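Heads up: the structure comes next, in structure tokens.
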Amino acid sequence: MRSLSDTLERLARFRAHKTEPPGQPGRLQDLRDFGSNPGRLTGKVHVPSNRAEHPALVVVLHGCTQTASGYDHSAGWSALADQHGFIVLLPEQTRENNGNLCFNWFVPGDIRRDQGEARSIRQMIDAVVSKYTVDPSRIFITGLSAGGAMANVMLSTYPEVFAAGAVIAGLPYGVASTVPAAFDRMRGHGLPEIKTLQSKLKAASPHNGPWPVVSVWHGSQDNTVAEINARAIVDQWRGVHGVGPRPDFHEPIGAHSKAVWKNPEGREVIEYFSITGMGHGTPIDASSELENAAPYMLDIGISSTFCSAKRWGLLRDDFEPARRASGPAPHREAPFAQETRAADGIQQVIEDALRKAGLMR
């Protein structure tokens with residue numbers, strides 16, 4: 001009889017084989033010798049040939065079952081960097097740390113300042129900043145799912161490092177410390193009250209401001225990470241930014257919406273993109289030559305990559321990405337519905353195994 005760990009690893013390998021898009025051989029370089037690496041992560045970096053003298057840096061964290069190169073191939077960050085001269089750093093999880101290649105966003109030893117995976121990512125940033133003379137005032141971070149939750153970990157524990165971040169289908173900081181609790185929070189169960197969420201963020205670092213600008217992206221039909229987590233992330237960051245529960249304005253984006261909060265000085269400090277009808281994944285626009293649809297990389301005609309890069313001031317004035325000759329698909333998310341259901345089926349098998357082993361309710 002197979003052990004639980006062996007079963008989980010086999011399921012993870014099967015799931016990754018079914019969902020991982022092809023990478024781009026040679027585009028990303030391995031990042032080596034970046035420090036003590038207490039979280040035992042690996043990393044890749046893309047340095048465009050036309051980089052600025054003091055370039056910006058975008059840190060990109062993949063989701064579960066994904067790799068750095070696979071996520072980059074779909075999200076288009078390094079392709080966009082080639083056109084605008086910023087650097088892309090892509091930390092990568094290993095199977096030794098997590099059989100499903102999830103960043104360990106809920107493990108206490110990995111999410112505290114100067115510990116575990118959080119410290120490893122910080123060391124990667126330091127190494128890239130030093131080697132390529134990155135502008136320290138223009139460092140940004142984004143991630144999907146577990147990578148989104150870990151992006152929020154980094155924003156919370158090292159707020160002085162980042163100018164802004166985009167959390168995609170992620171979770172609030174510090175809301176779980178065990179596997180069962182992590183699954184509960186993903187479903188939206190047991191989230192702390194607002195004051196507790198805000199106190200966890202304040203206690204994560206000795207920082208007193210200014211605080212990073214935060215964008216939150218979430219699909220209204222996300223059955224893997226409940227959308228209530230997006231609202232909890234907004235609530236968590238409202239405290240340090242000194243904004244109330246009601247946004248200052250809503251902006252329609254087709255069938256979708258963006259809510260914006262301004263701080264007392266009138267600066268836009270929190271954004272919440274609610275994507276109508278989207279499941280679990282990163283919203284992309286595959287009509288652009290920069291991006292490629294795949295499971296969990298959902299072609300809905302809105303690019304979180306492009307929107308984030310524009311918001312962060314990384315793009316040339318009036319830049320618009322080139323479009324594929326075939327034009328936009330008539331119905332974008334539907335081609336991946338079957339694959340998403342299949343992946344959800346694998347997740348159910350994993351959860352059943354955890355329950356039988358007494359590791360999950």
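The way I read the labels, and the way they are meant: chains A, B, ... in the order of the structure tokens, residue 1 as the first residue of every chain, and ligand 1 as the first ligand shown, with later ones counted on from there.
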Write out as a list in words all residues of region 188-265 of chain A that backbone DSSP assigns to strand (DSSP E).
Val213, Val214, Ser215, Val216, Trp217, His218, Gly219, Phe249, His250, Glu251, Pro252, Ile253, His256, Ser257, Lys258, Ala259, Val260, Trp261 and Lys262 of chain A
Got time to write the residues from that selection, C-alpha atoms, as a PDB file, in the first residue's frame?
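Written out: part33.pdb:
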```pdb
ATOM      1  CA  VAL A 213      -0.232  50.110  -2.997  1.00  0.00           C
ATOM      2  CA  VAL A 214      -2.244  46.865  -3.201  1.00  0.00           C
ATOM      3  CA  SER A 215      -4.351  45.517  -6.070  1.00  0.00           C
ATOM      4  CA  VAL A 216      -6.583  42.489  -5.514  1.00  0.00           C
ATOM      5  CA  TRP A 217      -7.912  40.362  -8.395  1.00  0.00           C
ATOM      6  CA  HIS A 218     -10.522  37.624  -7.970  1.00  0.00           C
ATOM      7  CA  GLY A 219     -13.073  35.716 -10.050  1.00  0.00           C
ATOM      8  CA  PHE A 249     -15.489  54.954  -6.580  1.00  0.00           C
ATOM      9  CA  HIS A 250     -16.340  51.995  -8.801  1.00  0.00           C
ATOM     10  CA  GLU A 251     -15.148  51.747 -12.375  1.00  0.00           C
ATOM     11  CA  PRO A 252     -16.875  49.308 -14.775  1.00  0.00           C
ATOM     12  CA  ILE A 253     -14.585  47.228 -16.989  1.00  0.00           C
ATOM     13  CA  HIS A 256     -16.469  43.376 -14.582  1.00  0.00           C
ATOM     14  CA  SER A 257     -15.725  46.045 -11.979  1.00  0.00           C
ATOM     15  CA  LYS A 258     -12.907  47.801 -10.189  1.00  0.00           C
ATOM     16  CA  ALA A 259     -13.353  49.395  -6.760  1.00  0.00           C
ATOM     17  CA  VAL A 260     -10.815  51.979  -5.634  1.00  0.00           C
ATOM     18  CA  TRP A 261      -9.943  53.339  -2.194  1.00  0.00           C
ATOM     19  CA  LYS A 262      -8.072  56.640  -1.758  1.00  0.00           C
TER      20      LYS A 262
END
```
Using only C-alpha atoms, which of the listed residues (A:Ser137, A:Ser205, A:Thr67, A:Asn50) sits closest to Ile111 (chain A)?
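Closest to Ile111 (chain A) of all the choices is A:Ser205.
Computed from the coordinates, the CA of Pro108 (chain A) to CA of Ala182 (chain A) distance equals 11.8 Å.
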Need the shell around Ile270 (chain A): protein/DNA/RNA residues with any atom at most 12 Å away, counting only C-alpha atoms. Skip same-chain ones fewer than 2 positions apart. Format as a PyMOL selection string?
chain A and resi 164-167+211-217+230-231+233-250+258-263+266-268+272-273+311
Pick from A:Ala79, A:Met186, A:Leu61, A:Ile275: nearest to Asn292 (chain A), with only C-alpha atoms counted?
A:Ala79
Would you please extract all helix (DSSP H, G or I) residues from region 154-339 of chain A, as assigned by DSSP on the backbone, and give them as a PyMOL selection string?
chain A and resi 154-157+179-186+194-203+228-241+304-311+334-339
May I have the residues within 10 Å of Phe106 (chain A) as a list in words, using only C-alpha atoms and disregarding those fewer than 6 positions away in the same chain?
Ala146, Ala149, Met150, Val153, Leu171, Tyr173, Gly174, Val175, Ala176, Ser177, Thr178, Val179, Ala181 and Ala182 of chain A
Residue with smallest distance to Gln123 (chain A) - pool A:Arg32, A:Lys200, A:Arg95, A:His84, counting only C-alpha atoms:
A:Arg32
Between CA of Phe86 (chain A) and CA of Tyr132 (chain A) - distance in Å to one decimal
10.4 Å
For Arg138 (chain A), find every residue with an atom within 12 Å (counting only C-alpha atoms), except residues of its own chain fewer than 2 positions away, and show them as a list of chain:residue names.
A:His54, A:Pro55, A:Ala56, A:Leu57, A:Val58, A:Val59, A:Phe86, A:Ile87, A:Ile125, A:Val129, A:Thr133, A:Val134, A:Asp135, A:Pro136, A:Phe140, A:Ile141, A:Glu160, A:Val161, A:Phe162, A:Ala163, A:Ala164, A:Gly165, A:Pro212, A:Val213, A:Ala309, A:Trp312, A:Gly313, A:Leu314
For Asp72 (chain A), the closest of A:Ala286, A:Cys102, A:Val269, A:Val60 counting only C-alpha atoms is A:Val60
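Taking CA of Tyr71 (chain A) as the reference point, CA of Ala293 (chain A) is found at 10.2 Å.
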Find the residue from A:Val88, A:Pro38, A:Pro192, A:Gly76 that sits nearest to Ala118 (chain A); use only C-alpha atoms when measuring.
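Smallest separation from Ala118 (chain A) among the options: A:Pro38.
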Pick the closest to Phe34 (chain A) from A:Asn208, A:Ser120, A:Ser49, A:Ser287: which is it, counting only C-alpha atoms?
A:Ser120
Any idea what's packed within 12 Å of Ser36 (chain A), counting only C-alpha atoms, ignoring anything in its chain fewer than 5 positions away? Could you give it as a PyMOL selection string?
chain A and resi 41-42+114-117+119-124+127
